[in-house]
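Participant: query28.cif is the file, holding mmCIF, C-alpha atoms:
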```
data_coords
#
loop_
_atom_site.label_atom_id
_atom_site.label_comp_id
_atom_site.auth_asym_id
_atom_site.auth_seq_id
_atom_site.Cartn_x
_atom_site.Cartn_y
_atom_site.Cartn_z
CA PHE A 371 -40.61 -32.84 70.76
CA MET A 372 -41.70 -30.07 68.38
CA ASN A 373 -38.97 -30.91 65.87
CA SER A 374 -40.17 -34.51 65.81
CA HIS A 375 -43.34 -33.27 64.08
CA GLN A 376 -41.38 -31.41 61.40
CA SER A 377 -39.55 -32.62 58.32
CA ASP A 378 -36.48 -30.65 59.39
CA THR A 379 -35.08 -28.91 62.47
CA LYS A 380 -37.28 -25.85 62.70
CA PHE A 381 -36.90 -25.13 66.40
CA ILE A 382 -33.57 -24.42 68.10
CA PRO A 383 -33.51 -24.02 71.89
CA ILE A 384 -31.68 -21.00 73.31
CA PRO A 385 -31.20 -19.86 76.90
CA PHE A 386 -32.72 -16.59 78.11
CA PRO A 387 -31.60 -13.81 75.76
CA PHE A 388 -30.63 -10.49 77.35
CA ARG A 389 -29.56 -6.97 76.47
CA GLY A 390 -25.95 -6.19 77.27
CA GLU A 391 -27.00 -2.59 77.71
CA CYS A 392 -28.78 -3.58 80.93
CA PHE A 393 -25.48 -4.53 82.57
CA LYS A 394 -23.25 -1.70 81.30
CA ASP A 395 -23.44 0.28 84.58
CA VAL A 396 -23.15 -2.75 86.92
CA ASP A 397 -19.86 -2.80 88.85
CA ILE A 398 -18.47 -6.33 88.48
CA ASP A 399 -14.83 -5.75 89.44
CA LEU A 400 -15.01 -5.98 93.25
CA LYS A 401 -16.69 -8.88 95.08
CA PRO A 402 -17.16 -7.93 98.77
CA LEU A 403 -20.31 -10.10 99.07
CA ASP A 404 -20.09 -13.91 99.23
CA VAL A 405 -23.22 -15.55 97.87
CA ILE A 406 -26.76 -14.95 96.65
CA TYR A 407 -29.80 -17.11 95.94
CA MET A 408 -32.53 -15.64 93.76
CA GLY A 409 -35.96 -17.23 93.64
CA THR A 410 -39.21 -18.00 95.40
CA MET A 411 -39.04 -20.44 98.31
CA MET A 412 -41.21 -23.32 97.09
CA CYS A 413 -39.82 -26.42 98.83
CA GLN A 414 -37.51 -27.67 101.60
CA GLU A 415 -34.48 -27.74 99.33
CA HIS A 416 -34.85 -24.00 98.74
CA ALA A 417 -34.98 -23.45 102.50
CA ASP A 418 -31.85 -25.60 102.94
CA ILE A 419 -30.02 -23.46 100.38
CA VAL A 420 -30.78 -20.30 102.33
CA GLU A 421 -29.58 -21.94 105.55
CA SER A 422 -26.36 -22.96 103.81
CA MET A 423 -25.65 -19.32 102.95
CA LYS A 424 -26.12 -17.89 106.43
CA PRO A 425 -22.51 -18.39 107.64
CA TYR A 426 -21.48 -15.98 104.88
CA ASN A 427 -22.12 -12.43 103.76
CA TYR A 428 -25.19 -13.46 101.79
CA ASN A 429 -28.36 -12.21 100.14
CA TYR A 430 -31.59 -14.01 99.40
CA ALA A 431 -33.65 -12.20 96.75
CA SER A 432 -37.31 -13.14 96.27
CA LEU A 433 -40.54 -11.67 94.99
CA THR A 434 -42.36 -12.81 98.13
CA PRO A 435 -41.59 -12.57 101.88
CA ALA A 436 -41.47 -16.37 102.30
CA GLY A 437 -38.19 -17.40 103.90
CA SER A 438 -37.33 -13.89 105.13
CA PRO A 439 -35.41 -12.64 102.07
CA THR A 440 -32.81 -9.93 102.54
CA MET A 441 -34.09 -8.42 99.26
CA CYS A 442 -37.84 -8.62 98.65
CA ASN A 443 -39.50 -7.59 95.41
CA VAL A 444 -36.63 -5.35 94.34
CA SER A 445 -36.07 -4.13 90.79
CA SER A 446 -33.91 -6.09 88.38
CA GLN A 447 -31.35 -3.28 88.41
CA GLU A 448 -31.08 -3.39 92.21
CA LYS A 449 -30.63 -7.15 92.06
CA TRP A 450 -27.96 -6.90 89.35
CA ASN A 451 -26.05 -4.28 91.32
CA VAL A 452 -25.84 -6.69 94.27
CA LEU A 453 -25.10 -9.67 92.02
CA GLY A 454 -22.19 -7.77 90.51
CA LYS A 455 -20.60 -7.49 93.95
CA THR A 456 -21.11 -11.19 94.78
CA LYS A 457 -18.70 -14.11 94.37
CA ALA A 458 -21.20 -16.96 93.94
CA SER A 459 -24.80 -17.47 92.84
CA ILE A 460 -26.74 -20.66 93.61
CA ALA A 461 -29.21 -21.99 91.04
CA ILE A 462 -31.60 -24.90 90.59
CA ASN A 463 -32.78 -25.24 86.98
CA MET A 464 -35.96 -27.03 87.99
CA CYS A 465 -39.46 -26.26 89.23
CA PRO A 466 -41.01 -28.43 91.99
CA LEU A 467 -44.16 -30.40 91.23
CA GLU A 468 -47.08 -31.24 93.49
CA SER A 469 -49.18 -34.39 93.13
CA ARG A 470 -51.99 -32.38 91.50
CA HIS A 471 -49.58 -31.18 88.82
CA ILE A 472 -48.49 -34.74 88.05
CA GLU A 473 -52.13 -35.89 87.83
CA TRP A 474 -52.87 -33.10 85.33
CA ILE A 475 -49.82 -33.95 83.20
CA LYS A 476 -50.78 -37.62 83.00
CA ARG A 477 -54.24 -36.74 81.70
CA ASN A 478 -52.67 -35.49 78.48
CA LYS A 479 -52.24 -37.79 75.51
CA HIS A 480 -48.65 -38.86 74.75
CA TRP A 481 -47.26 -37.08 77.82
CA GLU A 482 -44.59 -39.82 78.09
CA SER A 483 -43.06 -38.72 74.77
CA ILE A 484 -42.16 -35.28 76.17
CA GLU A 485 -38.67 -35.27 77.66
CA THR A 486 -39.68 -32.69 80.25
CA PHE A 487 -41.93 -35.26 81.92
CA ASN A 488 -39.47 -38.20 81.88
CA ASN A 489 -38.81 -38.05 85.62
CA LEU A 490 -42.08 -37.08 87.28
CA GLU A 491 -41.24 -39.29 90.27
CA TYR A 492 -38.30 -36.94 90.93
CA GLY A 493 -40.82 -34.26 91.91
CA TYR A 494 -39.51 -31.63 89.49
CA PHE A 495 -39.52 -30.68 85.84
CA PRO A 496 -36.68 -28.78 84.11
CA GLN A 497 -36.86 -24.99 84.06
CA PHE A 498 -33.76 -23.13 82.93
CA LYS A 499 -33.44 -19.99 85.05
CA PRO A 500 -32.49 -16.50 83.84
CA ARG A 501 -30.47 -16.03 87.04
CA VAL A 502 -27.80 -18.29 85.49
CA ILE A 503 -27.44 -15.83 82.62
CA GLU A 504 -27.48 -12.85 84.98
CA ALA A 505 -24.67 -14.32 87.07
CA MET A 506 -22.54 -14.93 83.98
CA CYS A 507 -23.08 -11.31 82.92
CA THR A 508 -21.71 -10.13 86.27
CA LYS A 509 -18.75 -12.56 86.46
CA THR A 510 -20.29 -14.37 89.41
CA VAL A 511 -19.56 -18.10 89.84
CA ASN A 512 -22.64 -20.22 89.09
CA LEU A 513 -23.19 -23.10 91.53
CA VAL A 514 -25.81 -25.19 89.72
CA LYS A 515 -27.73 -28.20 91.05
CA ARG A 516 -27.11 -31.33 88.95
CA ASP A 517 -30.42 -32.88 87.88
CA PRO A 518 -31.78 -35.60 85.55
CA TRP A 519 -31.95 -33.20 82.56
CA ASN A 520 -29.00 -30.80 83.02
CA VAL A 521 -30.48 -28.46 80.42
CA ILE A 522 -27.64 -26.00 81.04
CA GLU A 523 -25.30 -28.35 79.13
CA LYS A 524 -27.08 -27.50 75.88
CA TRP A 525 -25.13 -24.21 75.90
CA PHE A 526 -22.52 -24.27 78.69
CA GLU A 527 -19.84 -26.67 79.93
CA GLU A 528 -19.36 -27.91 83.48
CA GLY A 529 -15.98 -26.84 84.83
CA LYS A 530 -15.52 -24.28 82.08
CA HIS A 531 -18.57 -22.09 82.65
CA PHE A 532 -20.16 -23.28 85.92
CA VAL A 533 -19.84 -25.67 88.89
CA TYR A 534 -22.28 -28.51 89.65
CA TRP A 535 -23.41 -29.48 93.15
CA ASP A 536 -25.26 -32.71 94.00
CA ASP A 537 -26.69 -32.24 97.50
CA ILE A 538 -26.61 -29.68 100.30
CA THR A 539 -23.39 -31.04 101.79
CA ASP A 540 -21.71 -30.84 98.39
CA LEU A 541 -23.07 -27.31 97.94
CA GLN A 542 -21.66 -26.24 101.30
CA GLU A 543 -18.21 -27.55 100.41
CA LYS A 544 -18.15 -25.93 96.97
CA LEU A 545 -19.54 -22.65 98.24
CA LYS A 546 -16.82 -22.53 100.90
CA ASP A 547 -14.16 -23.05 98.24
CA VAL A 548 -15.53 -20.28 96.01
CA VAL A 549 -15.78 -17.83 98.92
CA GLU A 550 -12.28 -18.58 100.17
CA ASN A 551 -10.62 -18.99 96.77
CA TYR A 552 -12.57 -16.81 94.34
CA ASP A 553 -9.40 -16.01 92.37
CA LYS A 554 -9.16 -19.71 91.49
CA TYR A 555 -12.36 -19.32 89.46
CA GLU A 556 -11.21 -16.30 87.47
CA SER A 557 -10.83 -18.21 84.20
CA MET A 558 -14.28 -19.80 84.68
CA VAL A 559 -16.10 -16.51 85.13
CA GLU A 560 -14.20 -15.01 82.18
CA ASN A 561 -15.11 -18.00 79.98
CA ALA A 562 -18.75 -17.78 81.07
CA TYR A 563 -18.82 -14.02 80.46
CA GLU A 564 -17.49 -14.49 76.94
CA ARG A 565 -19.84 -17.38 76.14
CA VAL A 566 -22.99 -15.76 77.50
CA TYR A 567 -22.65 -12.86 75.07
CA ASP A 568 -23.35 -15.33 72.27
CA PHE A 569 -26.95 -15.00 73.52
CA GLU A 570 -27.13 -11.21 73.67
CA ILE A 571 -30.41 -10.37 71.97
CA ASP A 572 -28.97 -8.25 69.17
CA LYS A 573 -26.52 -11.01 68.26
CA ILE A 574 -29.35 -13.55 68.16
CA TYR A 575 -31.45 -11.31 65.90
CA GLU A 576 -28.46 -10.76 63.63
CA SER A 577 -27.87 -14.51 63.33
CA MET A 578 -31.55 -15.16 62.64
CA ASN A 579 -31.65 -12.52 59.93
CA GLU A 580 -28.63 -14.12 58.30
CA GLY A 581 -30.24 -17.54 58.55
CA ALA A 582 -27.27 -18.84 60.48
CA LEU A 583 -28.41 -19.25 64.08
CA VAL A 584 -25.93 -21.71 65.56
CA ILE A 585 -26.07 -22.32 69.33
#
```
As a first step, turn the structure in this file into structure tokens.

Facilitator:
Amino acid sequence: FMNSHQSDTKFIPIPFPFRGECFKDVDIDLKPLDVIYMGTMMCQEHADIVESMKPYNYNYASLTPAGSPTMCNVSSQEKWNVLGKTKASIAINMCPLESRHIEWIKRNKHWESIETFNNLEYGYFPQFKPRVIEAMCTKTVNLVKRDPWNVIEKWFEEGKHFVYWDDITDLQEKLKDVVENYDKYESMVENAYERVYDFEIDKIYESMNEGALVI
């Protein structure tokens, strides 16, 4: 949208940058924990995700007590230490919308021209989550909800760096496979770990300074 108002490509989207230094002391070699979901419980689908994890050795990390998280308002370092010991992380790269949000969006001129708002009837808009990056930094398998935008594909490849799920039943089946056959995903987590370091903040700054930021 912003590039459409420029004579050239001025803006290049990147995922959440991070400092590799933050993860240097996180133990990522052993995975005694099965699955984690990180995020605020904002809709029924979030609640269904937590229920899907309960047969396993799971953690639900949230900033608020909604949904009875096993980790509430903990530091990033505490969360990363648990993530590093976990086989799978569940992510939804969207934020739910209420009717009042949709009404506000439609009051704005040319809102239809913004890709973010192309599927308001879906009840979400795209919101790429830093937890995807965090999981890649800890060699944890990303189970990502497929959606109308699939923003993650701007930087990562399905099957090479992460696994899609389509509904709760599909999530349950894929989570079971990761928990029972984590070794099968070794090449995926290694590929994701290598790729995610293309977005380490120092590397991004270096590329920008050289005028050669290629994502």

Participant: Using only C-alpha atoms, can you list as a list of chain:residue names the residues within 9 Å of (-28.0, -15.9, 99.2)?

Facilitator: A:Asp404, A:Val405, A:Ile406, A:Tyr407, A:Met408, A:Ile419, A:Val420, A:Glu421, A:Ser422, A:Met423, A:Lys424, A:Tyr426, A:Asn427, A:Tyr428, A:Asn429, A:Tyr430, A:Ala431, A:Pro439, A:Thr440, A:Ala458, A:Ser459, A:Ile460

Participant: Could you give me, as a PDB file with C-alpha atoms, keeping the file's coordinate frame, the residues within 9 Å of Glu560 in chain A, counting all atoms listed in the file and dropping anything in the same chain fewer than 4 positions from it?

Facilitator:
```pdb
ATOM      1  CA  MET A 506     -22.540 -14.930  83.980  1.00  0.00           C
ATOM      2  CA  LYS A 509     -18.750 -12.560  86.460  1.00  0.00           C
ATOM      3  CA  HIS A 531     -18.570 -22.090  82.650  1.00  0.00           C
ATOM      4  CA  TYR A 555     -12.360 -19.320  89.460  1.00  0.00           C
ATOM      5  CA  GLU A 556     -11.210 -16.300  87.470  1.00  0.00           C
ATOM      6  CA  GLU A 564     -17.490 -14.490  76.940  1.00  0.00           C
ATOM      7  CA  ARG A 565     -19.840 -17.380  76.140  1.00  0.00           C
TER       8      ARG A 565
END
```

Participant: Could you state which residues are captured by the PyMOL selection byres ((chain A and resi 535) around 9) in this file, as a VMD selection string?

Facilitator: chain A and resid 513 to 516 533 to 534 536 to 542 544

Participant: Please write as a list in words the full residue list that the PyMOL selection byres ((chain A and resi 517) around 9) yields on this file.

Facilitator: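 Written out, the selection comes to Ile462, Asn463, Met464, Pro496, Lys515, Arg516, Pro518, Trp519, Asn520, Val521 and Asp536 of chain A.
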
Participant: Mind telling me what the PyMOL selection byres ((chain A and resi 392-396) around 10) catches here, as a list in words?

Facilitator: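 For this structure, the PyMOL selection byres ((chain A and resi 392-396) around 10) resolves to Phe388, Arg389, Gly390, Glu391, Asp397, Ile398, Asp399, Ser446, Gln447, Glu448, Trp450, Asn451, Val452, Leu453, Gly454, Lys455, Glu504, Cys507 and Thr508 of chain A.
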
Participant: So how far away is CA of Ile571 in chain A from CA of Leu403 in chain A, in Å?

Facilitator: 28.9 Å

Participant: Go through A:Met558, A:Ile472, A:Leu467, A:Ile574 and flag the residue nearest Val511 in chain A, using only C-alpha atoms for the distances.

Facilitator: A:Met558

Participant: As a PyMOL selection string, please: the residues near Cys413 in chain A (cut-off 10 Å, all atoms listed in the file, same-chain neighbours under 5 positions excluded).

Facilitator: chain A and resi 418+465-467

Participant: Let me make sure I understand: among A:Val444, A:Ser557, A:Gly437, A:Tyr575, which one has the smallest atom-to-atom distance to Gln414 in chain A if we use only C-alpha atoms?

Facilitator: A:Gly437

Participant: Just checking: using all atoms listed in the file, which residue out of A:Thr486, A:Asn478, A:Thr456, A:Asn551 ends up closest to Lys401 in chain A?

Facilitator: A:Thr456

Participant: Using CA of Ser438 in chain A and CA of Val548 in chain A as the two end points, give the distance in Å to one decimal.

Facilitator: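 So the answer is 24.5 Å.
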
Participant: Quick one: pull the distance between CA of Asn443 in chain A and CA of Ile503 in chain A, Å, one decimal.

Facilitator: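 It comes out at 19.4 Å.
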
Participant: Given the choices A:Lys449, A:Arg477, A:Lys499, A:Lys573, which gets closest to Ser432 in chain A if the distance is worked out from all atoms listed in the file?

Facilitator: A:Lys449

Participant: Return the single residue from A:Met441, A:Gly529, A:Ile522, A:Lys457 that is closest to Val549 in chain A, with distances computed using all atoms listed in the file.

Facilitator: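 Among the listed residues, the smallest separation from Val549 in chain A belongs to A:Lys457.
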
Participant: Taking all atoms of range 512-520 of chain A that the file lists, what box with edges along x, y and z, padded by 6 Å per side, do you get, with centre and edge lengths in Å to one decimal, as AutoDock Vina command-line options?

Facilitator:
```
--center_x -27.3 --center_y -27.9 --center_z 87.0 --size_x 21.3 --size_y 27.4 --size_z 21.0
```

Participant: Taking all atoms listed in the file into account, which of A:Val566, A:Leu400, A:Val502, A:Met411 comes nearest Ala436 in chain A?

Facilitator: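 Using all atoms listed in the file, Ala436 in chain A sits closest to A:Met411.
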